[in-house]
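Shown next, in structure tokens, is the structure this report addresses.
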Amino acid sequence: MSSSATIPGVSVVTQDGSAVEIYRRMPSLGEIEHIQSLLTPNSSVLELGSGTGRIADALAALGHRVTAVDDSPEMLAHIRRARAIQARIEDVRLAEKFDAVLLVSNLINYPDAPLRRSMLATFAHHLAPSGQVIIEWVPPSMLASRQQGWTKTVTFGQAAATLTIHSNAGGIITGEFTLTADGRRWHQSLVLQRVSPATVRDELTAAGLTLTTAAPNSTRWLLAKRR
């Protein structure tokens, strides 16, 4: 779809700057299928930072018992199948333990080390003894290759998602994500931090978890379990 044929889209923007329409309209790009392959039937799943429930509702439709946590009521208003709870990831403490605790959208790469460690503590608190943590991240090798001016567009049906990198220096990457659909465009800025596998491993250990992914620098998915 040509950008000249589109107009700016209107979206509610959450307190942290996320455009609700982007999260609501984005399809699965293989995440749901991958996560499903890691779960046993009828798993209890806690998704942290669930947004509009793109992942949570899909997993619930597949027969899992899903709880979706997000701090934005505007995001949670779009959830239809999962149980929705409004809370910050670092603050939520539920009574249940879960077979899987899930964090997607590269939130582990957010440039705030104390927040990252607090999120890992939340994972550990909610994980059942035999459960697993599933984290989507951007490994440092991938971020190192995304230099200033790098751009990539993925199309799905009549829609397109474009990621553009504006800067990559000092371990911090800034850029913009654009979604084009139904003749409209939505934009959202992004900031990611290059986090080493060693850092993730050490911080998981400090939280009482063990990284089980054999080659973390070559995958978008990290797995962990209780120590």
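Each chain of the structure tokens is named A, B, ... in the order shown, its residues numbered from 1; ligands are numbered from 1 in display order.
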Can you list every residue of stretch 107-169 of chain A that has an atom at most 12 Å from stretch 81-88 of chain A, with its nearest atom pair and the distance in Å to one decimal, using only C-alpha atoms, ordered by chain then number, as JSON lines?
```
{"residue": "A:Leu115", "atom": "CA", "partner": "A:Arg88", "partner_atom": "CA", "distance": 10.6}
{"residue": "A:Ser118", "atom": "CA", "partner": "A:Arg88", "partner_atom": "CA", "distance": 10.5}
{"residue": "A:Met119", "atom": "CA", "partner": "A:Arg88", "partner_atom": "CA", "distance": 9.3}
{"residue": "A:Thr122", "atom": "CA", "partner": "A:Arg88", "partner_atom": "CA", "distance": 10.1}
```
Go ahead and save the picked residues with C-alpha atoms, as a JSON list (two decimals), in the first residue's frame.
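And here is the file that came out, again-v4.json:
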```
[["chain", "number", "residue", "atom", "x", "y", "z"],
["A", 115, "LEU", "CA", 12.80, -2.09, 36.11],
["A", 118, "SER", "CA", 11.83, -5.94, 39.13],
["A", 119, "MET", "CA", 10.07, -7.64, 36.23],
["A", 122, "THR", "CA", 7.58, -10.81, 39.20]]
```
Could you list, with a cut-off of 7 Å and counting only C-alpha atoms, the residues of stretch 104-190 of chain A near stretch 15-33 of chain A, each shown with its nearest atom pair and the distance in Å rounded to one decimal, rows sorted by chain and ascending number, as CSV?
```
residue,atom,partner,partner_atom,distance
A:Leu179,CA,A:Ile22,CA,6.4
A:Trp186,CA,A:Ile22,CA,6.6
A:Gln188,CA,A:Ala19,CA,6.5
```
Next item on the list: Identify all residues of stretch 172-209 of chain A in helix (DSSP H, G or I) (DSSP on the backbone) and supply them as a ChimeraX atom specification.
Entry: /A:197-206
Those same residues, written as a compact mmCIF listing (two decimals), in the first residue's frame with N, CA and C atoms?
```
# COMPACT_ATOMS: atom_id res chain seq x y z
N PRO A 197 23.59 -11.63 26.96
CA PRO A 197 23.11 -12.88 27.56
C PRO A 197 23.63 -13.08 28.98
N ALA A 198 24.87 -12.67 29.23
CA ALA A 198 25.43 -12.82 30.57
C ALA A 198 24.66 -11.99 31.59
N THR A 199 24.27 -10.78 31.20
CA THR A 199 23.48 -9.93 32.09
C THR A 199 22.14 -10.57 32.39
N VAL A 200 21.45 -11.04 31.36
CA VAL A 200 20.17 -11.69 31.56
C VAL A 200 20.32 -12.92 32.45
N ARG A 201 21.36 -13.72 32.19
CA ARG A 201 21.59 -14.92 32.99
C ARG A 201 21.82 -14.57 34.46
N ASP A 202 22.65 -13.56 34.71
CA ASP A 202 22.95 -13.18 36.09
C ASP A 202 21.71 -12.62 36.79
N GLU A 203 20.93 -11.83 36.08
CA GLU A 203 19.75 -11.24 36.71
C GLU A 203 18.65 -12.28 36.93
N LEU A 204 18.54 -13.25 36.05
CA LEU A 204 17.62 -14.36 36.28
C LEU A 204 18.06 -15.14 37.52
N THR A 205 19.36 -15.40 37.63
CA THR A 205 19.88 -16.13 38.79
C THR A 205 19.57 -15.39 40.08
N ALA A 206 19.76 -14.07 40.07
CA ALA A 206 19.49 -13.26 41.26
C ALA A 206 18.01 -13.31 41.64
```
Margin query: So, with only C-alpha atoms as the atoms that count, which of A:His126, A:His64, A:Arg194, A:Arg117 lies closest to A:Pro41?
Written below: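 Using only C-alpha atoms, the shortest distance to A:Pro41 belongs to A:His64.
Pairwise distance (atom CA of A:Gln132, atom CA of A:Arg220) equals 16.1 Å.
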Item checked: 6 Å contact set for A:Thr52, only C-alpha atoms, chain neighbours under 4 positions out, as a PyMOL selection string -> chain A and resi 24+75-76+78-79
Would you export the selected residues with N, CA and C atoms as an mmCIF file, in the first residue's frame, please?
```cif
data_model
loop_
_atom_site.group_PDB
_atom_site.id
_atom_site.type_symbol
_atom_site.label_atom_id
_atom_site.label_comp_id
_atom_site.auth_asym_id
_atom_site.auth_seq_id
_atom_site.Cartn_x
_atom_site.Cartn_y
_atom_site.Cartn_z
ATOM 1 N N ARG A 24 -3.714 -3.347 18.686
ATOM 2 C CA ARG A 24 -4.997 -3.992 18.371
ATOM 3 C C ARG A 24 -5.002 -4.596 16.974
ATOM 4 N N MET A 75 -5.750 -0.467 26.835
ATOM 5 C CA MET A 75 -5.322 -1.722 26.216
ATOM 6 C C MET A 75 -6.230 -2.870 26.652
ATOM 7 N N LEU A 76 -6.425 -2.995 27.949
ATOM 8 C CA LEU A 76 -7.186 -4.124 28.497
ATOM 9 C C LEU A 76 -8.637 -4.137 28.029
ATOM 10 N N HIS A 78 -9.752 -4.129 25.219
ATOM 11 C CA HIS A 78 -9.922 -4.908 23.991
ATOM 12 C C HIS A 78 -9.796 -6.411 24.221
ATOM 13 N N ILE A 79 -9.477 -6.836 25.422
ATOM 14 C CA ILE A 79 -9.330 -8.264 25.709
ATOM 15 C C ILE A 79 -10.710 -8.904 25.823
#
```
Taking the backbone alone, and naming residues the way the document does, which bits of chain A are strand (DSSP E or B) by DSSP, as a PDB file with C-alpha atoms, in the first residue's frame?
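Output saved as out_13.pdb:
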```pdb
ATOM      1  CA  ILE A   7      -3.751   9.371   6.064  1.00  0.00           C
ATOM      2  CA  PRO A   8      -2.628   9.530   9.705  1.00  0.00           C
ATOM      3  CA  VAL A  13      -2.049   6.618  23.360  1.00  0.00           C
ATOM      4  CA  ALA A  19      -0.528   3.492  20.389  1.00  0.00           C
ATOM      5  CA  SER A  44      -2.176 -21.786  33.074  1.00  0.00           C
ATOM      6  CA  VAL A  45      -0.448 -18.787  31.488  1.00  0.00           C
ATOM      7  CA  LEU A  46       0.368 -15.351  32.878  1.00  0.00           C
ATOM      8  CA  GLU A  47       1.145 -12.782  30.204  1.00  0.00           C
ATOM      9  CA  LEU A  48       2.835  -9.666  31.549  1.00  0.00           C
ATOM     10  CA  ARG A  65      -6.201 -20.575  31.029  1.00  0.00           C
ATOM     11  CA  VAL A  66      -4.735 -17.124  30.462  1.00  0.00           C
ATOM     12  CA  THR A  67      -4.373 -14.132  32.748  1.00  0.00           C
ATOM     13  CA  ALA A  68      -3.360 -10.898  31.020  1.00  0.00           C
ATOM     14  CA  VAL A  69      -1.699  -8.091  32.983  1.00  0.00           C
ATOM     15  CA  ASP A  70      -1.196  -4.565  31.677  1.00  0.00           C
ATOM     16  CA  ARG A  83      -8.813 -12.724  32.364  1.00  0.00           C
ATOM     17  CA  ALA A  84      -7.644  -9.096  32.424  1.00  0.00           C
ATOM     18  CA  ILE A  85      -5.893  -7.463  35.389  1.00  0.00           C
ATOM     19  CA  GLN A  86      -4.754  -3.850  35.450  1.00  0.00           C
ATOM     20  CA  PHE A  98       1.371 -20.440  36.638  1.00  0.00           C
ATOM     21  CA  ASP A  99       2.677 -23.116  34.292  1.00  0.00           C
ATOM     22  CA  ALA A 100       4.090 -20.389  32.071  1.00  0.00           C
ATOM     23  CA  VAL A 101       4.932 -16.726  32.601  1.00  0.00           C
ATOM     24  CA  LEU A 102       5.189 -14.836  29.340  1.00  0.00           C
ATOM     25  CA  LEU A 103       6.799 -11.534  28.340  1.00  0.00           C
ATOM     26  CA  LEU A 127       6.082 -19.335  38.378  1.00  0.00           C
ATOM     27  CA  ALA A 128       4.907 -22.806  39.404  1.00  0.00           C
ATOM     28  CA  PRO A 129       7.664 -25.205  40.579  1.00  0.00           C
ATOM     29  CA  SER A 130       7.692 -27.035  37.226  1.00  0.00           C
ATOM     30  CA  GLY A 131       6.762 -24.002  35.120  1.00  0.00           C
ATOM     31  CA  GLN A 132       8.766 -22.025  32.584  1.00  0.00           C
ATOM     32  CA  VAL A 133       9.377 -18.381  31.803  1.00  0.00           C
ATOM     33  CA  ILE A 134       9.095 -17.446  28.112  1.00  0.00           C
ATOM     34  CA  ILE A 135      10.711 -14.142  27.112  1.00  0.00           C
ATOM     35  CA  GLU A 136      10.829 -12.532  23.673  1.00  0.00           C
ATOM     36  CA  THR A 151      14.638  -0.247   7.758  1.00  0.00           C
ATOM     37  CA  LYS A 152      12.496  -3.301   7.154  1.00  0.00           C
ATOM     38  CA  THR A 153       8.874  -3.702   6.060  1.00  0.00           C
ATOM     39  CA  VAL A 154       6.750  -6.799   6.603  1.00  0.00           C
ATOM     40  CA  THR A 155       3.445  -7.111   4.758  1.00  0.00           C
ATOM     41  CA  PHE A 156       0.451  -9.175   5.837  1.00  0.00           C
ATOM     42  CA  ALA A 159      -1.391  -4.112   5.813  1.00  0.00           C
ATOM     43  CA  ALA A 160       2.304  -3.394   6.331  1.00  0.00           C
ATOM     44  CA  ALA A 161       4.544  -2.881   9.365  1.00  0.00           C
ATOM     45  CA  THR A 162       7.790  -0.929   9.006  1.00  0.00           C
ATOM     46  CA  LEU A 163      10.628  -0.634  11.500  1.00  0.00           C
ATOM     47  CA  THR A 164      13.168   2.149  11.006  1.00  0.00           C
ATOM     48  CA  ILE A 165      16.299   2.686  13.119  1.00  0.00           C
ATOM     49  CA  HIS A 166      17.202   6.337  13.815  1.00  0.00           C
ATOM     50  CA  SER A 167      20.290   5.825  15.979  1.00  0.00           C
ATOM     51  CA  ASN A 168      22.449   3.059  17.430  1.00  0.00           C
ATOM     52  CA  ALA A 169      25.120   4.250  19.834  1.00  0.00           C
ATOM     53  CA  ILE A 172      20.923   2.306  23.013  1.00  0.00           C
ATOM     54  CA  ILE A 173      18.864   1.971  19.833  1.00  0.00           C
ATOM     55  CA  THR A 174      16.118   4.421  18.914  1.00  0.00           C
ATOM     56  CA  GLY A 175      13.684   4.133  16.053  1.00  0.00           C
ATOM     57  CA  GLU A 176      10.105   4.193  14.874  1.00  0.00           C
ATOM     58  CA  PHE A 177       7.502   1.555  14.179  1.00  0.00           C
ATOM     59  CA  THR A 178       4.839   2.329  11.564  1.00  0.00           C
ATOM     60  CA  LEU A 179       1.707   0.306  10.849  1.00  0.00           C
ATOM     61  CA  THR A 180      -0.207   0.942   7.627  1.00  0.00           C
ATOM     62  CA  ALA A 181      -3.681  -0.581   7.326  1.00  0.00           C
ATOM     63  CA  ARG A 184      -4.266   4.825   7.579  1.00  0.00           C
ATOM     64  CA  ARG A 185      -0.856   5.038   9.264  1.00  0.00           C
ATOM     65  CA  TRP A 186       0.017   4.765  12.933  1.00  0.00           C
ATOM     66  CA  HIS A 187       3.453   5.635  14.309  1.00  0.00           C
ATOM     67  CA  GLN A 188       5.177   4.745  17.558  1.00  0.00           C
ATOM     68  CA  SER A 189       8.692   5.548  18.709  1.00  0.00           C
ATOM     69  CA  LEU A 190      10.848   2.884  20.302  1.00  0.00           C
ATOM     70  CA  VAL A 191      13.938   2.725  22.475  1.00  0.00           C
ATOM     71  CA  LEU A 192      15.816  -0.528  23.086  1.00  0.00           C
ATOM     72  CA  GLN A 193      18.904  -1.380  25.086  1.00  0.00           C
ATOM     73  CA  LEU A 209      15.610 -18.500  38.035  1.00  0.00           C
ATOM     74  CA  THR A 210      17.896 -20.372  35.644  1.00  0.00           C
ATOM     75  CA  LEU A 211      18.305 -19.568  31.966  1.00  0.00           C
ATOM     76  CA  TRP A 221      13.184 -16.463  22.589  1.00  0.00           C
ATOM     77  CA  LEU A 222      14.622 -17.089  26.047  1.00  0.00           C
ATOM     78  CA  LEU A 223      13.432 -19.832  28.395  1.00  0.00           C
ATOM     79  CA  ALA A 224      14.002 -20.066  32.116  1.00  0.00           C
ATOM     80  CA  LYS A 225      12.885 -22.221  35.028  1.00  0.00           C
ATOM     81  CA  ARG A 226      13.122 -22.201  38.800  1.00  0.00           C
TER      82      ARG A 226
END
```
Next item on the list: Considering only C-alpha atoms, state which residue in the set A:Pro73, A:Gly171, A:Gly157, A:Gly208 is at the smallest distance from A:Leu143.
Entry: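 Ranked by minimum distance to A:Leu143, first place goes to A:Gly171.
Using only C-alpha atoms, the shortest contact distance between A:Ile89 and any of A:Ser72, A:Ser43, A:Ser37, A:Ser196 is found at A:Ser72.
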Notebook entry, point to check: How many Å separate atom CA of A:Pro139 from atom CA of A:Asn217?
Noted result: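 Interatomic distance here is 5.2 Å.
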